[in-house]
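What follows is work26.cif (mmCIF, C-alpha atoms).
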```
data_model
loop_
_atom_site.label_atom_id
_atom_site.label_comp_id
_atom_site.auth_asym_id
_atom_site.auth_seq_id
_atom_site.Cartn_x
_atom_site.Cartn_y
_atom_site.Cartn_z
CA MET A 3 26.61 -29.45 -109.77
CA ALA A 4 30.07 -29.40 -111.32
CA SER A 5 33.08 -30.36 -109.27
CA ARG A 6 36.09 -28.08 -109.12
CA SER A 7 37.95 -30.19 -111.70
CA GLN A 8 35.04 -29.61 -114.11
CA CYS A 9 34.91 -25.84 -113.60
CA SER A 10 35.56 -24.32 -117.03
CA ILE A 11 36.90 -21.07 -115.56
CA CYS A 12 39.58 -22.81 -113.44
CA CYS A 13 43.07 -23.16 -114.89
CA SER A 14 44.74 -26.60 -114.81
CA SER A 15 46.66 -25.68 -111.65
CA CYS A 16 43.49 -24.80 -109.74
CA ALA A 17 41.66 -27.85 -111.09
CA SER A 18 44.39 -30.15 -109.78
CA GLU A 19 44.29 -31.78 -106.35
CA ILE A 20 46.94 -29.33 -105.06
CA GLY A 21 44.92 -26.35 -106.27
CA MET A 22 41.84 -27.70 -104.54
CA MET A 23 43.73 -28.10 -101.26
CA MET A 24 45.15 -24.57 -101.50
CA ALA A 25 41.68 -23.14 -102.07
CA ILE A 26 40.43 -24.86 -98.94
CA LYS A 27 43.23 -23.15 -96.97
CA SER A 28 42.28 -19.69 -98.30
CA PRO A 29 41.04 -17.29 -95.59
CA ASP A 30 37.35 -16.90 -94.87
CA ASN A 31 36.25 -13.58 -96.40
CA THR A 32 32.68 -13.57 -95.11
CA ALA A 33 33.55 -10.85 -92.57
CA ARG A 34 34.61 -8.38 -95.31
CA PRO A 35 32.30 -5.39 -95.90
CA PHE A 36 31.82 -6.43 -99.57
CA ALA A 37 30.96 -10.06 -98.76
CA VAL A 38 27.79 -11.01 -100.66
CA ARG A 39 25.86 -11.52 -97.43
CA ASN A 40 26.16 -7.73 -96.90
CA LEU A 41 24.94 -6.88 -100.41
CA LEU A 42 21.54 -6.85 -102.09
CA PRO A 43 21.00 -9.77 -104.52
CA ALA A 44 19.44 -8.27 -107.65
CA GLY A 45 19.29 -11.24 -110.03
CA THR A 46 21.17 -12.58 -113.02
CA LEU A 47 22.52 -11.57 -116.38
CA SER A 48 23.82 -13.91 -119.03
CA LEU A 49 26.60 -13.37 -121.53
CA PRO A 50 26.82 -15.73 -124.52
CA ILE A 51 30.42 -16.92 -124.86
CA ALA A 52 32.24 -18.14 -127.94
CA GLN A 53 34.08 -20.96 -126.17
CA THR A 54 33.65 -22.81 -122.91
CA ASP A 55 37.31 -23.03 -121.86
CA LEU A 56 37.87 -19.79 -119.94
CA ALA A 57 40.94 -21.00 -118.00
CA ASN A 58 42.96 -18.01 -119.23
CA ILE A 59 40.87 -15.72 -117.02
CA CYS A 60 41.10 -17.88 -113.88
CA ASP A 61 41.51 -15.76 -110.74
CA HIS A 62 42.63 -18.85 -108.74
CA THR A 63 39.78 -18.63 -106.25
CA HIS A 64 36.20 -19.74 -105.98
CA ILE A 65 33.82 -17.49 -104.12
CA ASN A 66 31.97 -20.49 -102.77
CA ASP A 67 34.03 -23.66 -103.12
CA SER A 68 30.98 -25.90 -103.37
CA GLU A 69 29.40 -24.04 -106.30
CA ASP A 70 32.30 -23.04 -108.60
CA TRP A 71 31.42 -19.31 -108.70
CA HIS A 72 34.21 -16.86 -109.53
CA THR A 73 34.59 -13.11 -109.26
CA PHE A 74 33.62 -11.26 -112.44
CA PRO A 75 36.75 -10.91 -114.62
CA GLY A 76 35.54 -7.74 -116.33
CA LYS A 77 37.29 -6.71 -119.54
CA ALA A 78 39.26 -9.97 -119.60
CA LEU A 79 36.02 -11.53 -120.93
CA LEU A 80 35.92 -9.38 -124.07
CA PRO A 81 37.71 -11.88 -126.37
CA TYR A 82 35.22 -14.60 -125.37
CA LEU A 83 32.01 -12.65 -126.06
CA THR A 84 29.95 -13.18 -129.19
CA ASP A 85 28.81 -9.68 -130.16
CA GLN A 86 29.28 -5.92 -129.72
CA GLU A 87 26.18 -5.50 -127.55
CA ASN A 88 27.55 -7.94 -124.98
CA GLU A 89 30.96 -6.27 -125.13
CA THR A 90 29.30 -2.96 -124.25
CA LEU A 91 27.41 -4.62 -121.40
CA CYS A 92 30.62 -6.21 -120.15
CA ARG A 93 32.44 -2.84 -120.16
CA GLN A 94 29.55 -1.25 -118.26
CA LEU A 95 29.54 -4.05 -115.69
CA ASP A 96 33.30 -3.72 -115.32
CA PHE A 97 32.91 0.02 -114.58
CA LEU A 98 30.14 -0.60 -112.04
CA VAL A 99 32.17 -3.28 -110.26
CA GLU A 100 35.38 -1.24 -110.31
CA HIS A 101 33.56 1.77 -108.82
CA GLU A 102 31.74 -0.42 -106.26
CA PHE A 103 28.17 0.07 -107.42
CA LEU A 104 27.75 -3.66 -108.11
CA SER A 105 29.43 -6.91 -107.16
CA ILE A 106 29.24 -9.79 -109.62
CA GLN A 107 29.95 -13.52 -109.47
CA CYS A 108 30.17 -15.67 -112.59
CA LYS A 109 29.95 -19.30 -113.63
CA VAL A 110 29.55 -21.05 -116.96
CA GLY A 111 25.92 -22.15 -117.26
CA ASP A 112 24.76 -25.72 -117.75
CA SER A 113 24.52 -25.11 -121.50
CA GLY A 114 28.24 -24.38 -121.71
CA ALA A 115 27.48 -21.51 -124.09
CA THR A 116 26.63 -18.83 -121.54
CA LEU A 117 28.45 -17.17 -118.69
CA MET A 118 25.90 -16.67 -115.93
CA LEU A 119 26.36 -13.58 -113.75
CA ARG A 120 24.95 -13.18 -110.26
CA VAL A 121 24.50 -9.44 -109.72
CA TYR A 122 24.52 -7.83 -106.29
CA VAL A 123 23.82 -4.15 -105.61
CA VAL A 124 26.27 -2.50 -103.22
CA PRO A 125 24.31 -0.29 -100.78
CA TYR A 126 25.72 3.23 -100.50
CA ASP A 127 25.48 2.96 -96.70
CA LEU A 128 27.41 -0.32 -96.48
CA PRO A 129 28.83 -0.75 -92.95
CA GLY A 130 32.58 -0.96 -92.59
CA VAL A 131 33.64 1.28 -95.49
CA GLN A 132 33.86 4.54 -93.53
CA GLY A 133 31.26 6.33 -95.70
CA LYS A 134 33.37 6.27 -98.89
CA LEU A 135 30.36 5.06 -100.90
CA ARG A 136 28.33 8.10 -99.84
CA VAL A 137 30.82 10.62 -101.22
CA ARG A 138 31.58 10.05 -104.89
CA ASP A 139 32.78 12.34 -107.64
CA GLU A 140 29.95 13.47 -109.93
CA THR A 141 32.05 13.54 -113.11
CA SER A 142 34.15 10.40 -112.77
CA ASP A 143 31.79 8.17 -110.76
CA LEU A 144 28.12 9.16 -110.57
CA LYS A 145 27.41 10.43 -114.08
CA PRO A 146 28.93 7.42 -115.88
CA ALA A 147 27.39 5.07 -113.29
CA ARG A 148 23.91 6.45 -114.02
CA LEU A 149 24.40 5.77 -117.73
CA CYS A 150 25.63 2.24 -117.06
CA LEU A 151 22.90 1.46 -114.51
CA ARG A 152 20.23 2.73 -116.91
CA ASN A 153 21.32 0.01 -119.36
CA VAL A 154 22.21 -2.79 -116.92
CA LEU A 155 19.43 -2.81 -114.32
CA PRO A 156 16.48 -3.44 -116.70
CA GLN A 157 18.28 -6.52 -118.08
CA ILE A 158 18.64 -8.24 -114.69
CA ILE A 159 16.31 -11.24 -114.41
CA GLN A 160 15.09 -12.69 -111.13
CA GLU A 161 14.66 -16.40 -111.63
CA ARG A 162 15.90 -19.13 -109.28
CA SER A 163 17.09 -21.54 -111.96
CA LEU A 164 19.25 -18.84 -113.56
CA TRP A 165 20.58 -17.81 -110.13
CA ASP A 166 21.85 -21.39 -109.86
CA ALA A 167 23.34 -21.24 -113.43
CA HIS A 168 20.74 -23.68 -114.80
CA ASP A 169 20.28 -21.94 -118.13
CA LEU A 170 18.88 -25.08 -119.77
CA ASP A 171 15.81 -25.13 -117.50
CA PRO A 172 12.65 -23.89 -119.19
CA SER A 173 12.11 -20.22 -118.43
CA PRO A 174 8.73 -18.72 -117.65
CA SER A 175 7.06 -17.03 -120.63
CA SER A 176 7.33 -13.64 -118.90
CA PRO A 177 10.47 -13.39 -116.76
CA SER A 178 10.56 -11.23 -113.68
CA TYR A 179 12.94 -8.30 -114.07
CA PHE A 180 14.74 -6.50 -111.25
CA LEU A 181 13.57 -3.08 -112.50
CA ASP A 182 11.78 -1.94 -115.61
CA ALA A 183 13.22 0.77 -117.87
CA LYS A 184 10.74 3.42 -116.68
CA THR A 185 11.70 2.85 -113.03
CA VAL A 186 15.41 3.07 -113.89
CA VAL A 187 14.93 6.43 -115.63
CA THR A 188 13.07 7.74 -112.59
CA LEU A 189 15.73 6.44 -110.21
CA SER A 190 18.60 7.87 -112.24
CA PHE A 191 17.31 11.39 -111.59
CA THR A 192 17.10 10.81 -107.84
CA PHE A 193 20.45 9.01 -107.62
CA ARG A 194 22.52 12.13 -106.96
CA LEU A 195 25.29 13.14 -104.61
CA ASP A 196 23.93 14.77 -101.44
CA ALA A 197 24.79 18.47 -101.13
#
```
Take the structure in this file and express it as structure tokens.
Amino acid sequence: MASRSQCSICCSSCASEIGMMMAIKSPDNTARPFAVRNLLPAGTLSLPIAQTDLANICDHTHINDSEDWHTFPGKALLPYLTDQENETLCRQLDFLVEHEFLSIQCKVGDSGATLMLRVYVVPYDLPGVQGKLRVRDETSDLKPARLCLRNVLPQIIQERSLWDAHDLDPSPSSPSYFLDAKTVVTLSFTFRLDA
């Protein structure tokens, strides 16, 4: 496991001793409604990156100080991605996070060539958000979210080694996916705003 000073997403300020001490003093956010313990862990995605030094996108916090996981930086990742397909995926993930359909944590994998993403599904009935996730605009939220989810969900892999950012570990010959494409199509038609 990498120490904070070895985290390739941390800027030099955060990687310093002072930055480490400041992070320890940050407030405990486990009581927030969107804390990962209140969400549904779906699995992982991986984004090949062109370089391993991502300090320019440092958000100056670790989600879990002992594991070097960061919040997903969204479109700030675009210059670091290796191809158009991953740029599209990144934009879709950014939309889903911004509109609170998913929550994502990221960390550079053991290979140094991949950004590993832990994907959590945000339940529409999440306690503590006063029902705002139940009432969403069809045009600006639900319709684009269905399109994004149709692409993203079938790509999510459920494998423990990837969940821990160990992308060098041998993968099983047939990975376990969160949902298959047929299930996603079926769900997208039932995922509608209540009348």
Answer key for the PyMOL selection byres ((chain A and resi 147-150) around 8), residues as a PyMOL selection string
chain A and resi 94-95+97-98+103+143-146+151-154+190+193
Need to verify the contact set: Phe74 in chain A, 7 Å, all atoms listed in the file, exclusion of same-chain residues closer than 4 positions in sequence. Can you return it as a PyMOL selection string?
chain A and resi 106-108
Would you translate the PyMOL selection byres ((chain A and resi 130-134) around 10) into the concrete set of residues it matches in this file, as number ranges by chain?
A: 33-36, 126-129, 135-138
Apply the PyMOL selection byres ((chain A and resi 105) around 12) to the file shown and report the selected residues as a VMD selection string.
chain A and resid 35 to 46 65 72 to 76 95 to 104 106 to 108 119 to 125
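If you look at CA of Trp71 in chain A and CA of Cys9 in chain A, they are 8.9 Å away from each other.
Going from CA of Ser163 in chain A to CA of Ser18 in chain A covers 28.7 Å.
Between CA of Ser15 in chain A and CA of Leu83 in chain A the separation is 24.3 Å.
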Need the axis-aligned box for range 121-131 of chain A with 4 Å each side, so what are the centre and edges in Å to one decimal, as lines of an AutoDock Vina configuration file?
```
center_x = 28.7
center_y = -3.1
center_z = -101.2
size_x = 17.8
size_y = 20.7
size_z = 25.1
```
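Residue nearest Leu91 in chain A within the list A:Ser142, A:Ser113, A:Ser14, A:Gln157: A:Gln157 [criterion: smallest interatomic distance, all atoms listed in the file].
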I'd like a table as CSV: residues in range 79-188 of chain A with an atom no more than 9 Å from range 50-59 of chain A, each row giving the shortest atom pair and its distance in Å to one decimal, all atoms listed in the file counted, sorted by chain and rising residue number.
```
residue,atom,partner,partner_atom,distance
A:Leu79,CA,A:Ile59,CA,7.5
A:Pro81,CA,A:Ala52,CA,8.5
A:Tyr82,CA,A:Ala52,CA,5.3
A:Leu83,CA,A:Ile51,CA,4.7
A:Thr84,CA,A:Ala52,CA,5.6
A:Asp85,CA,A:Pro50,CA,8.5
A:Asn88,CA,A:Pro50,CA,7.8
A:Val110,CA,A:Thr54,CA,7.4
A:Gly114,CA,A:Thr54,CA,5.8
A:Ala115,CA,A:Ile51,CA,5.5
A:Thr116,CA,A:Pro50,CA,4.3
A:Leu117,CA,A:Pro50,CA,6.2
A:Met118,CA,A:Pro50,CA,8.7
```
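Proximity to Leu49 in chain A was assessed for A:Asp61, A:Asp171, A:Glu87, A:Glu140 counting only C-alpha atoms; the smallest distance is recorded for A:Glu87.
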